[in-house]
$ cat entry-v1.cif   # mmCIF, C-alpha atoms
data_start
loop_
_atom_site.label_atom_id
_atom_site.label_comp_id
_atom_site.auth_asym_id
_atom_site.auth_seq_id
_atom_site.Cartn_x
_atom_site.Cartn_y
_atom_site.Cartn_z
CA MET U 10 11.62 -34.41 -92.24
CA LYS U 11 8.86 -32.15 -93.57
CA LEU U 12 8.80 -30.17 -90.33
CA GLN U 13 12.55 -29.67 -90.41
CA ARG U 14 12.47 -28.60 -94.06
CA HIS U 15 9.78 -26.00 -93.50
CA GLY U 16 11.38 -24.87 -90.27
CA THR U 17 14.45 -24.09 -92.31
CA LEU U 18 12.32 -21.95 -94.61
CA ALA U 19 11.05 -20.02 -91.61
CA CYS U 20 14.60 -19.35 -90.50
CA LEU U 21 15.72 -18.32 -93.98
CA ALA U 22 12.85 -15.88 -94.30
CA LEU U 23 13.80 -14.36 -90.97
CA THR U 24 17.57 -14.43 -91.13
CA ALA U 25 17.81 -13.13 -94.67
CA THR U 26 15.82 -10.09 -93.64
CA LEU U 27 17.07 -9.36 -90.15
CA ALA U 28 20.26 -11.40 -89.84
CA LEU U 29 18.71 -13.09 -86.82
CA SER U 30 20.67 -15.88 -85.18
CA ALA U 31 18.02 -17.53 -83.00
CA CYS U 32 16.91 -20.16 -85.52
CA GLY U 33 18.64 -23.17 -84.08
CA SER U 34 15.63 -25.42 -83.63
CA ASP U 35 12.33 -26.31 -85.23
CA ASN U 36 10.17 -25.94 -82.14
CA ASN U 37 9.02 -22.53 -83.44
CA GLU U 38 8.64 -21.04 -79.97
CA PRO U 39 8.60 -17.23 -79.95
CA ALA U 40 11.91 -15.71 -78.90
CA SER U 41 10.19 -13.58 -76.30
CA SER U 42 6.65 -12.63 -75.34
CA ALA U 43 7.54 -8.96 -75.75
CA ALA U 44 8.21 -9.51 -79.44
CA THR U 45 4.69 -10.65 -80.16
CA SER U 46 1.64 -9.16 -78.59
CA GLY U 47 -0.65 -11.96 -79.78
CA SER U 48 1.45 -15.09 -79.51
CA ALA U 49 0.97 -16.23 -75.93
CA THR U 50 -2.73 -15.40 -75.61
CA ALA U 51 -5.09 -14.44 -78.40
CA ASP U 52 -7.17 -11.26 -78.20
CA CYS U 53 -10.51 -13.05 -77.97
CA ALA U 54 -13.80 -11.65 -79.20
CA THR U 55 -17.19 -13.15 -79.90
CA GLY U 56 -19.33 -13.08 -83.01
CA THR U 57 -19.08 -14.30 -86.59
CA LEU U 58 -16.83 -13.36 -89.51
CA ASN U 59 -17.55 -14.42 -93.07
CA ALA U 60 -14.68 -14.32 -95.52
CA GLN U 61 -13.73 -15.88 -98.82
CA GLY U 62 -11.14 -15.84 -101.54
CA SER U 63 -7.78 -17.45 -102.24
CA SER U 64 -7.83 -21.24 -102.23
CA ALA U 65 -4.02 -21.22 -102.07
CA GLN U 66 -4.24 -19.94 -98.50
CA LYS U 67 -7.04 -22.32 -97.47
CA ASN U 68 -4.74 -24.66 -95.54
CA ALA U 69 -3.27 -21.71 -93.64
CA MET U 70 -6.70 -20.26 -92.95
CA ASP U 71 -8.00 -23.61 -91.69
CA GLU U 72 -5.11 -23.81 -89.23
CA TRP U 73 -5.61 -20.25 -87.96
CA ILE U 74 -9.38 -20.69 -87.59
CA LYS U 75 -8.97 -23.94 -85.66
CA ALA U 76 -6.39 -22.44 -83.31
CA TYR U 77 -8.29 -19.20 -82.70
CA GLN U 78 -11.65 -20.87 -82.12
CA GLN U 79 -10.07 -23.32 -79.69
CA LYS U 80 -8.71 -20.41 -77.66
CA CYS U 81 -11.74 -18.15 -78.02
CA SER U 82 -15.14 -19.68 -77.34
CA GLY U 83 -17.94 -17.68 -78.89
CA ALA U 84 -15.90 -16.88 -82.01
CA LYS U 85 -16.97 -18.24 -85.39
CA ILE U 86 -14.92 -17.62 -88.54
CA ASN U 87 -16.12 -18.95 -91.89
CA TYR U 88 -13.74 -18.97 -94.85
CA GLU U 89 -14.84 -20.09 -98.30
CA PRO U 90 -11.96 -20.86 -100.73
CA SER U 91 -13.83 -19.42 -103.70
CA GLY U 92 -10.74 -18.02 -105.46
CA SER U 93 -9.05 -14.64 -105.20
CA GLY U 94 -11.22 -12.89 -107.78
CA ALA U 95 -14.46 -14.09 -106.20
CA GLY U 96 -13.19 -13.09 -102.77
CA ILE U 97 -12.44 -9.52 -103.85
CA GLN U 98 -15.85 -9.22 -105.50
CA ALA U 99 -17.53 -10.52 -102.35
CA PHE U 100 -15.63 -7.95 -100.29
CA ILE U 101 -16.68 -5.17 -102.68
CA ALA U 102 -20.29 -6.40 -102.55
CA GLY U 103 -20.25 -6.40 -98.76
CA THR U 104 -20.87 -10.14 -98.39
CA ALA U 105 -17.35 -10.83 -97.07
CA ASP U 106 -15.90 -9.13 -93.98
CA PHE U 107 -12.44 -9.61 -95.48
CA ALA U 108 -11.07 -11.21 -98.62
CA GLY U 109 -8.14 -13.55 -99.16
CA SER U 110 -6.21 -12.84 -102.36
CA ASP U 111 -2.96 -14.04 -103.90
CA SER U 112 -2.47 -10.62 -105.46
CA ALA U 113 -3.00 -7.14 -104.10
CA LEU U 114 -5.93 -4.99 -105.17
CA LYS U 115 -5.51 -3.72 -108.71
CA GLU U 116 -5.77 -0.03 -109.55
CA GLU U 117 -9.27 -0.43 -110.97
CA GLU U 118 -10.42 -2.47 -107.96
CA GLN U 119 -9.16 -0.07 -105.30
CA PRO U 120 -11.93 2.58 -105.51
CA GLN U 121 -14.63 -0.12 -105.47
CA ALA U 122 -13.06 -1.71 -102.40
CA ASP U 123 -12.60 1.69 -100.73
CA ALA U 124 -16.32 2.37 -101.17
CA LYS U 125 -17.04 -0.59 -98.90
CA CYS U 126 -14.97 1.08 -96.15
CA VAL U 127 -17.00 3.91 -94.63
CA GLY U 128 -14.62 6.80 -94.03
CA GLY U 129 -11.58 4.66 -94.81
CA THR U 130 -9.73 2.70 -97.45
CA ALA U 131 -9.13 -0.96 -98.22
CA ILE U 132 -5.61 -2.20 -97.51
CA ASN U 133 -3.58 -5.28 -98.44
CA LEU U 134 -2.10 -7.22 -95.52
CA PRO U 135 0.35 -9.99 -96.54
CA MET U 136 -0.24 -12.99 -94.30
CA VAL U 137 1.65 -15.89 -95.84
CA ILE U 138 4.18 -16.52 -98.55
CA GLY U 139 3.79 -19.63 -100.68
CA PRO U 140 6.03 -21.00 -103.41
CA VAL U 141 4.21 -21.93 -106.62
CA ALA U 142 5.16 -25.40 -107.79
CA ILE U 143 5.31 -26.54 -111.40
CA ALA U 144 3.79 -29.95 -110.78
CA TYR U 145 3.73 -32.68 -113.40
CA ASN U 146 2.70 -36.28 -114.01
CA VAL U 147 4.68 -37.90 -116.81
CA SER U 148 5.35 -41.65 -116.64
CA GLY U 149 9.03 -42.46 -116.47
CA VAL U 150 10.15 -38.85 -116.09
CA ASP U 151 11.72 -37.63 -112.87
CA ASN U 152 13.84 -34.57 -112.11
CA LEU U 153 12.25 -32.53 -114.88
CA GLN U 154 13.76 -29.09 -115.37
CA LEU U 155 12.29 -26.25 -117.39
CA LYS U 156 13.43 -22.76 -118.34
CA PRO U 157 10.87 -19.95 -118.14
CA ALA U 158 10.79 -19.76 -121.96
CA THR U 159 9.97 -23.46 -122.17
CA LEU U 160 7.23 -23.09 -119.58
CA ALA U 161 5.83 -20.18 -121.56
CA LYS U 162 5.76 -22.27 -124.74
CA ILE U 163 4.06 -25.17 -122.96
CA PHE U 164 1.32 -23.06 -121.38
CA ALA U 165 0.86 -20.98 -124.54
CA GLY U 166 0.20 -24.19 -126.49
CA LYS U 167 3.31 -23.85 -128.68
CA VAL U 168 4.92 -27.03 -127.29
CA THR U 169 2.49 -29.95 -127.35
CA ARG U 170 4.54 -33.14 -126.90
CA TRP U 171 6.83 -34.13 -124.06
CA ASP U 172 9.65 -35.03 -126.46
CA ASP U 173 9.61 -31.58 -128.06
CA PRO U 174 13.12 -30.23 -128.79
CA ALA U 175 12.61 -27.33 -126.35
CA ILE U 176 12.01 -29.74 -123.46
CA LYS U 177 14.83 -32.00 -124.65
CA ALA U 178 17.20 -29.04 -124.60
CA ASP U 179 16.38 -28.43 -120.93
CA ASN U 180 16.64 -32.15 -120.11
CA PRO U 181 19.44 -33.58 -122.29
CA ASP U 182 19.83 -36.74 -120.21
CA ALA U 183 16.13 -37.56 -119.81
CA LYS U 184 14.19 -40.15 -121.77
CA LEU U 185 11.14 -38.15 -122.77
CA PRO U 186 8.00 -39.85 -124.16
CA SER U 187 6.02 -38.58 -127.13
CA THR U 188 2.97 -38.27 -124.88
CA ALA U 189 0.73 -35.28 -125.58
CA ILE U 190 1.07 -32.48 -123.03
CA ASN U 191 -2.04 -31.64 -121.03
CA ALA U 192 -1.34 -28.18 -119.62
CA VAL U 193 -3.73 -27.45 -116.75
CA HIS U 194 -4.66 -23.93 -115.71
CA ARG U 195 -7.09 -22.42 -113.23
CA SER U 196 -10.61 -22.07 -114.64
CA ASP U 197 -11.65 -19.57 -111.97
CA SER U 198 -10.32 -16.07 -111.32
CA SER U 199 -7.15 -16.79 -109.39
CA GLY U 200 -4.35 -14.90 -107.70
CA THR U 201 -2.12 -17.90 -108.34
CA THR U 202 -2.76 -17.44 -112.07
CA ASP U 203 -2.04 -13.72 -111.63
CA ASN U 204 1.33 -14.50 -110.08
CA PHE U 205 2.22 -17.27 -112.54
CA THR U 206 1.37 -15.16 -115.60
CA ASP U 207 3.29 -12.26 -114.05
CA PHE U 208 6.29 -14.59 -113.76
CA LEU U 209 5.96 -15.63 -117.42
CA THR U 210 5.51 -12.02 -118.55
CA LYS U 211 8.65 -10.86 -116.73
CA THR U 212 10.89 -13.82 -117.53
CA ALA U 213 9.75 -15.03 -120.99
CA ALA U 214 8.10 -12.10 -122.75
CA ALA U 215 9.09 -13.33 -126.21
CA ASP U 216 7.14 -16.57 -125.74
CA TRP U 217 4.34 -15.42 -123.42
CA THR U 218 2.20 -12.76 -125.07
CA PHE U 219 -0.96 -13.07 -122.98
CA GLY U 220 0.02 -10.72 -120.18
CA LYS U 221 -0.61 -10.86 -116.44
CA ALA U 222 -4.16 -11.54 -115.24
CA LYS U 223 -6.23 -13.47 -112.72
CA GLU U 224 -8.20 -15.03 -115.58
CA TRP U 225 -6.41 -17.46 -117.90
CA LYS U 226 -6.03 -15.88 -121.35
CA ALA U 227 -4.03 -18.41 -123.37
CA PRO U 228 -5.86 -20.80 -125.71
CA GLY U 229 -6.07 -24.54 -125.22
CA GLY U 230 -5.16 -26.56 -122.19
CA THR U 231 -7.53 -27.82 -119.51
CA GLY U 232 -9.20 -25.69 -116.84
CA ALA U 233 -9.56 -26.81 -113.23
CA ALA U 234 -11.23 -24.92 -110.41
CA LYS U 235 -9.30 -23.87 -107.32
CA SER U 236 -6.02 -25.23 -106.00
CA ASP U 237 -7.33 -28.64 -104.98
CA GLY U 238 -8.90 -29.07 -108.43
CA MET U 239 -5.55 -28.28 -110.05
CA ALA U 240 -3.74 -30.82 -107.89
CA SER U 241 -6.33 -33.50 -108.64
CA ALA U 242 -6.21 -32.84 -112.39
CA ILE U 243 -2.42 -33.18 -112.43
CA LYS U 244 -2.46 -36.35 -110.34
CA ASN U 245 -5.17 -38.11 -112.34
CA GLN U 246 -3.81 -37.95 -115.90
CA ASP U 247 -0.49 -38.96 -117.39
CA GLY U 248 1.15 -36.23 -119.44
CA THR U 249 -0.21 -33.40 -117.31
CA ILE U 250 1.57 -30.30 -116.05
CA GLY U 251 0.22 -27.38 -114.03
CA TYR U 252 1.04 -24.63 -111.54
CA VAL U 253 -0.17 -24.96 -107.97
CA GLU U 254 0.72 -23.62 -104.55
CA TRP U 255 3.43 -25.82 -103.00
CA SER U 256 1.37 -27.12 -100.10
CA TYR U 257 -1.12 -28.66 -102.53
CA ALA U 258 1.67 -30.30 -104.53
CA GLU U 259 3.14 -31.75 -101.35
CA ASN U 260 -0.18 -32.91 -99.95
CA GLY U 261 -0.99 -34.55 -103.30
CA GLY U 262 2.39 -36.28 -103.56
CA LEU U 263 3.07 -34.61 -106.91
CA LYS U 264 6.43 -34.37 -108.65
CA THR U 265 7.69 -30.80 -109.07
CA ALA U 266 10.01 -29.44 -111.74
CA LYS U 267 13.20 -27.46 -111.29
CA VAL U 268 12.74 -23.97 -112.76
CA GLY U 269 15.33 -21.80 -114.45
CA ASN U 270 16.20 -18.63 -112.53
CA GLY U 271 17.89 -15.33 -113.35
CA ALA U 272 21.28 -16.78 -112.43
CA GLY U 273 20.99 -19.29 -115.26
CA GLU U 274 20.48 -22.27 -112.95
CA PHE U 275 17.71 -24.83 -112.63
CA ALA U 276 16.49 -24.38 -109.05
CA GLU U 277 14.71 -27.14 -107.19
CA LEU U 278 11.75 -26.07 -105.09
CA THR U 279 12.98 -26.47 -101.52
CA ALA U 280 12.71 -24.55 -98.29
CA GLU U 281 16.12 -23.03 -98.85
CA SER U 282 15.64 -22.05 -102.51
CA ALA U 283 12.26 -20.40 -101.91
CA GLY U 284 13.67 -18.57 -98.90
CA LYS U 285 16.30 -16.92 -101.10
CA THR U 286 13.61 -15.35 -103.27
CA ILE U 287 11.50 -14.40 -100.25
CA ALA U 288 14.46 -12.45 -98.89
CA GLY U 289 14.38 -10.16 -101.92
CA ALA U 290 10.69 -9.24 -101.60
CA GLU U 291 10.00 -5.60 -100.74
CA VAL U 292 7.03 -3.65 -99.41
CA VAL U 293 5.84 -1.18 -102.04
CA GLY U 294 2.57 -0.04 -100.44
CA GLN U 295 2.18 3.09 -98.32
CA GLY U 296 1.39 3.31 -94.61
CA ASP U 297 -0.59 0.29 -93.44
CA ASP U 298 -1.10 -0.87 -97.03
CA LEU U 299 1.63 -3.52 -97.21
CA LYS U 300 1.55 -4.56 -100.86
CA MET U 301 4.74 -6.46 -101.72
CA LYS U 302 6.84 -6.95 -104.84
CA ILE U 303 8.79 -10.11 -105.66
CA ASP U 304 11.70 -10.22 -108.12
CA TYR U 305 10.95 -13.14 -110.45
CA ASN U 306 14.25 -12.49 -112.24
CA THR U 307 16.29 -12.88 -109.08
CA LYS U 308 19.93 -13.66 -109.78
CA GLU U 309 20.51 -14.99 -106.27
CA ALA U 310 22.35 -18.30 -106.66
CA GLY U 311 20.06 -21.27 -106.01
CA ALA U 312 16.86 -19.17 -105.71
CA TYR U 313 13.57 -20.74 -106.78
CA PRO U 314 11.86 -17.87 -108.60
CA ILE U 315 8.08 -18.52 -108.51
CA VAL U 316 6.84 -17.39 -105.10
CA LEU U 317 3.56 -15.64 -104.29
CA VAL U 318 2.39 -13.46 -101.43
CA THR U 319 -1.16 -14.07 -100.26
CA TYR U 320 -3.03 -11.19 -98.64
CA GLU U 321 -6.01 -10.43 -96.46
CA ILE U 322 -7.86 -7.42 -97.87
CA VAL U 323 -9.58 -5.44 -95.13
CA CYS U 324 -10.93 -1.98 -94.36
CA ALA U 325 -8.38 0.14 -92.53
CA LYS U 326 -11.41 2.01 -91.16
CA GLY U 327 -15.13 1.59 -91.56
CA LEU U 328 -15.84 -2.00 -90.56
CA ALA U 329 -19.06 -2.55 -88.60
CA ALA U 330 -18.53 -2.06 -84.87
CA ASP U 331 -19.85 -5.54 -84.05
CA LYS U 332 -17.27 -7.14 -86.39
CA LEU U 333 -14.19 -5.07 -85.58
CA PRO U 334 -13.01 -6.74 -82.31
CA LEU U 335 -13.23 -10.24 -83.79
CA LEU U 336 -11.49 -9.19 -87.02
CA LYS U 337 -8.65 -7.61 -85.07
CA GLY U 338 -8.39 -10.59 -82.75
CA PHE U 339 -8.37 -13.20 -85.50
CA LEU U 340 -6.03 -11.39 -87.89
CA GLY U 341 -3.85 -10.46 -84.93
CA HIS U 342 -3.45 -14.18 -84.21
CA ALA U 343 -2.64 -14.89 -87.88
CA ALA U 344 0.02 -12.16 -87.88
CA SER U 345 1.55 -13.19 -84.55
CA THR U 346 4.78 -15.17 -84.38
CA GLU U 347 2.76 -18.12 -83.13
CA GLY U 348 0.28 -17.89 -86.00
CA GLN U 349 3.10 -17.59 -88.53
CA ALA U 350 5.08 -20.46 -87.00
CA ASP U 351 2.02 -22.70 -87.40
CA LEU U 352 2.44 -22.42 -91.18
CA THR U 353 5.83 -24.10 -91.40
CA GLU U 354 4.37 -27.61 -91.37
CA LEU U 355 1.89 -26.78 -94.13
CA GLY U 356 4.21 -25.92 -97.02
CA TYR U 357 4.11 -22.16 -96.53
CA ALA U 358 6.77 -19.65 -95.51
CA PRO U 359 6.28 -17.32 -92.54
CA LEU U 360 6.57 -13.62 -93.28
CA PRO U 361 10.01 -12.05 -92.86
CA GLU U 362 10.04 -10.57 -89.36
CA THR U 363 10.21 -6.94 -90.47
CA VAL U 364 7.09 -7.47 -92.58
CA ARG U 365 5.32 -9.55 -89.90
CA ALA U 366 5.78 -6.77 -87.34
CA LYS U 367 4.30 -4.23 -89.78
CA VAL U 368 1.30 -6.46 -90.45
CA GLU U 369 0.71 -6.94 -86.73
CA ALA U 370 0.88 -3.18 -86.19
CA ALA U 371 -1.52 -2.56 -89.10
CA VAL U 372 -4.02 -4.99 -87.61
CA ARG U 373 -3.86 -3.12 -84.28
CA ASN U 374 -4.60 0.10 -86.20
CA LEU U 375 -7.82 -1.20 -87.75
CA ALA U 376 -10.76 0.94 -86.70
#
$ encode --input "entry-v1.cif" --output "structure tokens"
Amino acid sequence: MKLQRHGTLACLALTATLALSACGSDNNEPASSAATSGSATADCATGTLNAQGSSAQKNAMDEWIKAYQQKCSGAKINYEPSGSGAGIQAFIAGTADFAGSDSALKEEEQPQADAKCVGGTAINLPMVIGPVAIAYNVSGVDNLQLKPATLAKIFAGKVTRWDDPAIKADNPDAKLPSTAINAVHRSDSSGTTDNFTDFLTKTAAADWTFGKAKEWKAPGGTGAAKSDGMASAIKNQDGTIGYVEWSYAENGGLKTAKVGNGAGEFAELTAESAGKTIAGAEVVGQGDDLKMKIDYNTKEAGAYPIVLVTYEIVCAKGLAADKLPLLKGFLGHAASTEGQADLTELGYAPLPETVRAKVEAAVRNLA
């Protein structure tokens, strides 16, 4: 059932963008070899790439690395899920050949990243879209639903008990315990935190006054490192709530809350509901810089609003000559229809086809 559910998400991401009709099955075979230059056979190269960053994309990266290295003997790709902030700093320092990040380079980071790229600039290449789950562990409570304002109050430390009137108002039929709330946040610099706090800033500004940032700014709560640390913290203590990329919530067997959207509904996190928000994402970068923008206030009926785009940050030009062929080959596989289809079983959404094609073209342009 998981494969079918995620296959549906792949189709929604594609059909909503291109009105494609060839999504009748979940076998994820490319429609034609002409549509994807890297799907049938990978562009193999030898050597070693060292990368680090987003832990939210670790499961996707593991799958791509395994597939590419099986096809291409002599290739070695190392990816350390150190967190988005650490990945960008490693890229700037020259210790990572590319960085994974759940948010695009910020204005103040761009010149530092550009300096790493001799004669070129650093660009953001979206590689996978992942819904962010509000995962919770509260004994006796199922089907929890929370408005953005309530989430903001919980993570700001204003709501501290599960039977608080704000939570009761969102869940009038639930029997809520008086258990203390343990709100878990990322302790490391995190693109998932950047996206979640952006969501709170844009949907609940009256109750969330800590802004958008990769580092957690609100007082209180419990910190946990990386996505797997978040999932473990939520699973191991009653009364806990946290935000984590969907694949980690699914792999950990965690309960996830319905979240209020701009249409005034409580949307369950499903393949279909996330796909509706994905369809509204737009590319706002220039040229081969494919930075994307997601509408957290989407009024699309049934849309689950908290969805992040995870990027690979690379030099458009200026990478060492001995690294370039392998980088282009590996990222070309990740951006291919085959590489994207591999994500549907892992709790991620493939890129909308118009975006995927742009990413694939940008990878071919790397020099």
$ closest_atom_pairs --input "entry-v1.cif" --of "range 69-149 of chain U" --to "range 337-354 of chain U" --cutoff "12 Å" --atoms "all atoms listed in the file" --output "JSON lines"
{"residue": "U:Ala69", "atom": "CA", "partner": "U:Leu352", "partner_atom": "CA", "distance": 6.3}
{"residue": "U:Met70", "atom": "CA", "partner": "U:Ala343", "partner_atom": "CA", "distance": 8.4}
{"residue": "U:Asp71", "atom": "CA", "partner": "U:Leu352", "partner_atom": "CA", "distance": 10.5}
{"residue": "U:Glu72", "atom": "CA", "partner": "U:Asp351", "partner_atom": "CA", "distance": 7.4}
{"residue": "U:Trp73", "atom": "CA", "partner": "U:Ala343", "partner_atom": "CA", "distance": 6.1}
{"residue": "U:Ile74", "atom": "CA", "partner": "U:Phe339", "partner_atom": "CA", "distance": 7.8}
{"residue": "U:Lys75", "atom": "CA", "partner": "U:Phe339", "partner_atom": "CA", "distance": 10.8}
{"residue": "U:Ala76", "atom": "CA", "partner": "U:Gly348", "partner_atom": "CA", "distance": 8.5}
{"residue": "U:Tyr77", "atom": "CA", "partner": "U:Phe339", "partner_atom": "CA", "distance": 6.6}
{"residue": "U:Gln78", "atom": "CA", "partner": "U:Phe339", "partner_atom": "CA", "distance": 9.0}
{"residue": "U:Gln79", "atom": "CA", "partner": "U:Phe339", "partner_atom": "CA", "distance": 11.8}
{"residue": "U:Lys80", "atom": "CA", "partner": "U:His342", "partner_atom": "CA", "distance": 10.5}
{"residue": "U:Cys81", "atom": "CA", "partner": "U:Gly338", "partner_atom": "CA", "distance": 9.5}
{"residue": "U:Ala84", "atom": "CA", "partner": "U:Phe339", "partner_atom": "CA", "distance": 9.1}
{"residue": "U:Lys85", "atom": "CA", "partner": "U:Phe339", "partner_atom": "CA", "distance": 10.0}
{"residue": "U:Ile86", "atom": "CA", "partner": "U:Phe339", "partner_atom": "CA", "distance": 8.5}
{"residue": "U:Asn87", "atom": "CA", "partner": "U:Phe339", "partner_atom": "CA", "distance": 11.6}
{"residue": "U:Asp106", "atom": "CA", "partner": "U:Lys337", "partner_atom": "CA", "distance": 11.6}
{"residue": "U:Phe107", "atom": "CA", "partner": "U:Leu340", "partner_atom": "CA", "distance": 10.1}
{"residue": "U:Ala108", "atom": "CA", "partner": "U:Leu340", "partner_atom": "CA", "distance": 11.9}
{"residue": "U:Gly109", "atom": "CA", "partner": "U:Leu340", "partner_atom": "CA", "distance": 11.7}
{"residue": "U:Leu134", "atom": "CA", "partner": "U:Ala344", "partner_atom": "CA", "distance": 9.3}
{"residue": "U:Pro135", "atom": "CA", "partner": "U:Ala344", "partner_atom": "CA", "distance": 8.9}
{"residue": "U:Met136", "atom": "CA", "partner": "U:Ala344", "partner_atom": "CA", "distance": 6.5}
{"residue": "U:Val137", "atom": "CA", "partner": "U:Gln349", "partner_atom": "CA", "distance": 7.6}
{"residue": "U:Ile138", "atom": "CA", "partner": "U:Leu352", "partner_atom": "CA", "distance": 9.6}
{"residue": "U:Gly139", "atom": "CA", "partner": "U:Leu352", "partner_atom": "CA", "distance": 10.0}
$ resolve_selection --input "entry-v1.cif" --expression "the PyMOL selection byres ((chain U and resi 274) around 9)" --output "ChimeraX atom specification"
/U:156,268-273,275-276,310-312
$ residues_around --input "entry-v1.cif" --residues "Ser196 in chain U" --least-positions-apart "3" --cutoff "8 Å" --atoms "all atoms listed in the file" --output "list of chain:residue names"
U:Glu224, U:Trp225, U:Gly232, U:Ala233, U:Ala234, U:Lys235
$ resolve_selection --input "entry-v1.cif" --expression "the PyMOL selection byres ((chain U and resi 123) around 12)" --output "PDB file with C-alpha atoms, keeping the file's coordinate frame"
ATOM      1  CA  ILE U  97     -12.440  -9.520-103.850  1.00  0.00           C
ATOM      2  CA  PHE U 100     -15.630  -7.950-100.290  1.00  0.00           C
ATOM      3  CA  ILE U 101     -16.680  -5.170-102.680  1.00  0.00           C
ATOM      4  CA  ALA U 102     -20.290  -6.400-102.550  1.00  0.00           C
ATOM      5  CA  GLY U 103     -20.250  -6.400 -98.760  1.00  0.00           C
ATOM      6  CA  LEU U 114      -5.930  -4.990-105.170  1.00  0.00           C
ATOM      7  CA  LYS U 115      -5.510  -3.720-108.710  1.00  0.00           C
ATOM      8  CA  GLU U 116      -5.770  -0.030-109.550  1.00  0.00           C
ATOM      9  CA  GLU U 117      -9.270  -0.430-110.970  1.00  0.00           C
ATOM     10  CA  GLU U 118     -10.420  -2.470-107.960  1.00  0.00           C
ATOM     11  CA  GLN U 119      -9.160  -0.070-105.300  1.00  0.00           C
ATOM     12  CA  PRO U 120     -11.930   2.580-105.510  1.00  0.00           C
ATOM     13  CA  GLN U 121     -14.630  -0.120-105.470  1.00  0.00           C
ATOM     14  CA  ALA U 122     -13.060  -1.710-102.400  1.00  0.00           C
ATOM     15  CA  ALA U 124     -16.320   2.370-101.170  1.00  0.00           C
ATOM     16  CA  LYS U 125     -17.040  -0.590 -98.900  1.00  0.00           C
ATOM     17  CA  CYS U 126     -14.970   1.080 -96.150  1.00  0.00           C
ATOM     18  CA  VAL U 127     -17.000   3.910 -94.630  1.00  0.00           C
ATOM     19  CA  GLY U 128     -14.620   6.800 -94.030  1.00  0.00           C
ATOM     20  CA  GLY U 129     -11.580   4.660 -94.810  1.00  0.00           C
ATOM     21  CA  THR U 130      -9.730   2.700 -97.450  1.00  0.00           C
ATOM     22  CA  ALA U 131      -9.130  -0.960 -98.220  1.00  0.00           C
ATOM     23  CA  ILE U 132      -5.610  -2.200 -97.510  1.00  0.00           C
ATOM     24  CA  ASN U 133      -3.580  -5.280 -98.440  1.00  0.00           C
ATOM     25  CA  ILE U 322      -7.860  -7.420 -97.870  1.00  0.00           C
ATOM     26  CA  VAL U 323      -9.580  -5.440 -95.130  1.00  0.00           C
ATOM     27  CA  CYS U 324     -10.930  -1.980 -94.360  1.00  0.00           C
ATOM     28  CA  ALA U 325      -8.380   0.140 -92.530  1.00  0.00           C
ATOM     29  CA  LYS U 326     -11.410   2.010 -91.160  1.00  0.00           C
ATOM     30  CA  GLY U 327     -15.130   1.590 -91.560  1.00  0.00           C
ATOM     31  CA  LEU U 328     -15.840  -2.000 -90.560  1.00  0.00           C
TER      32      LEU U 328
END
$ residues_around --input "entry-v1.cif" --residues "Thr212 in chain U" --least-positions-apart "3" --cutoff "10 Å" --atoms "only C-alpha atoms" --output "number ranges by chain"
U: 156-158, 161, 206-209, 215-217, 269-271, 305-306, 314
$ atom_distance --input "entry-v1.cif" --atom1 "CA of Ile250 in chain U" --atom2 "CA of Ala144 in chain U"
5.7 Å
$ atom_distance --input "entry-v1.cif" --atom1 "CA of Gln61 in chain U" --atom2 "CA of Ile243 in chain U"
24.7 Å
$ atom_distance --input "entry-v1.cif" --atom1 "CA of Gly149 in chain U" --atom2 "CA of Gly248 in chain U"
10.5 Å
$ closest_residue --input "entry-v1.cif" --among "U:Ala192, U:Leu335, U:Ile303, U:Ser187" --to "Thr57 in chain U" --atoms "all atoms listed in the file"
U:Leu335
$ residues_around --input "entry-v1.cif" --residues "range 263-265 of chain U" --least-positions-apart "4" --cutoff "8 Å" --atoms "only C-alpha atoms" --output "list in words"
Ala142, Ile143, Ala144, Tyr145, Asn146, Asp151, Asn152, Leu153, Ala240, Ile243, Lys244, Ala258, Glu259 and Leu278 of chain U
$ resolve_selection --input "entry-v1.cif" --expression "the PyMOL selection byres ((chain U and resi 169) around 9)" --output "number ranges by chain"
U: 162-163, 166-168, 170-173, 188-192
$ build_atoms --input "entry-v1.cif" --residues "range 194-198 of chain U" --atoms "N, CA, C and O atoms" --output "PDB file, in the coordinates of the input"
ATOM      1  N   HIS U 194      -4.647 -25.271-116.271  1.00  0.00           N
ATOM      2  CA  HIS U 194      -4.660 -23.930-115.710  1.00  0.00           C
ATOM      3  C   HIS U 194      -5.915 -23.743-114.861  1.00  0.00           C
ATOM      4  O   HIS U 194      -6.863 -24.520-114.948  1.00  0.00           O
ATOM      5  N   ARG U 195      -5.919 -22.707-114.052  1.00  0.00           N
ATOM      6  CA  ARG U 195      -7.090 -22.420-113.230  1.00  0.00           C
ATOM      7  C   ARG U 195      -8.242 -21.936-114.105  1.00  0.00           C
ATOM      8  O   ARG U 195      -8.070 -21.065-114.954  1.00  0.00           O
ATOM      9  N   SER U 196      -9.425 -22.488-113.885  1.00  0.00           N
ATOM     10  CA  SER U 196     -10.610 -22.070-114.640  1.00  0.00           C
ATOM     11  C   SER U 196     -11.322 -20.903-113.976  1.00  0.00           C
ATOM     12  O   SER U 196     -12.109 -20.207-114.623  1.00  0.00           O
ATOM     13  N   ASP U 197     -11.035 -20.675-112.695  1.00  0.00           N
ATOM     14  CA  ASP U 197     -11.650 -19.570-111.970  1.00  0.00           C
ATOM     15  C   ASP U 197     -10.672 -18.397-111.882  1.00  0.00           C
ATOM     16  O   ASP U 197      -9.483 -18.545-112.151  1.00  0.00           O
ATOM     17  N   SER U 198     -11.177 -17.241-111.506  1.00  0.00           N
ATOM     18  CA  SER U 198     -10.320 -16.070-111.320  1.00  0.00           C
ATOM     19  C   SER U 198      -9.404 -16.343-110.132  1.00  0.00           C
ATOM     20  O   SER U 198      -9.864 -16.621-109.019  1.00  0.00           O
TER      21      SER U 198
END
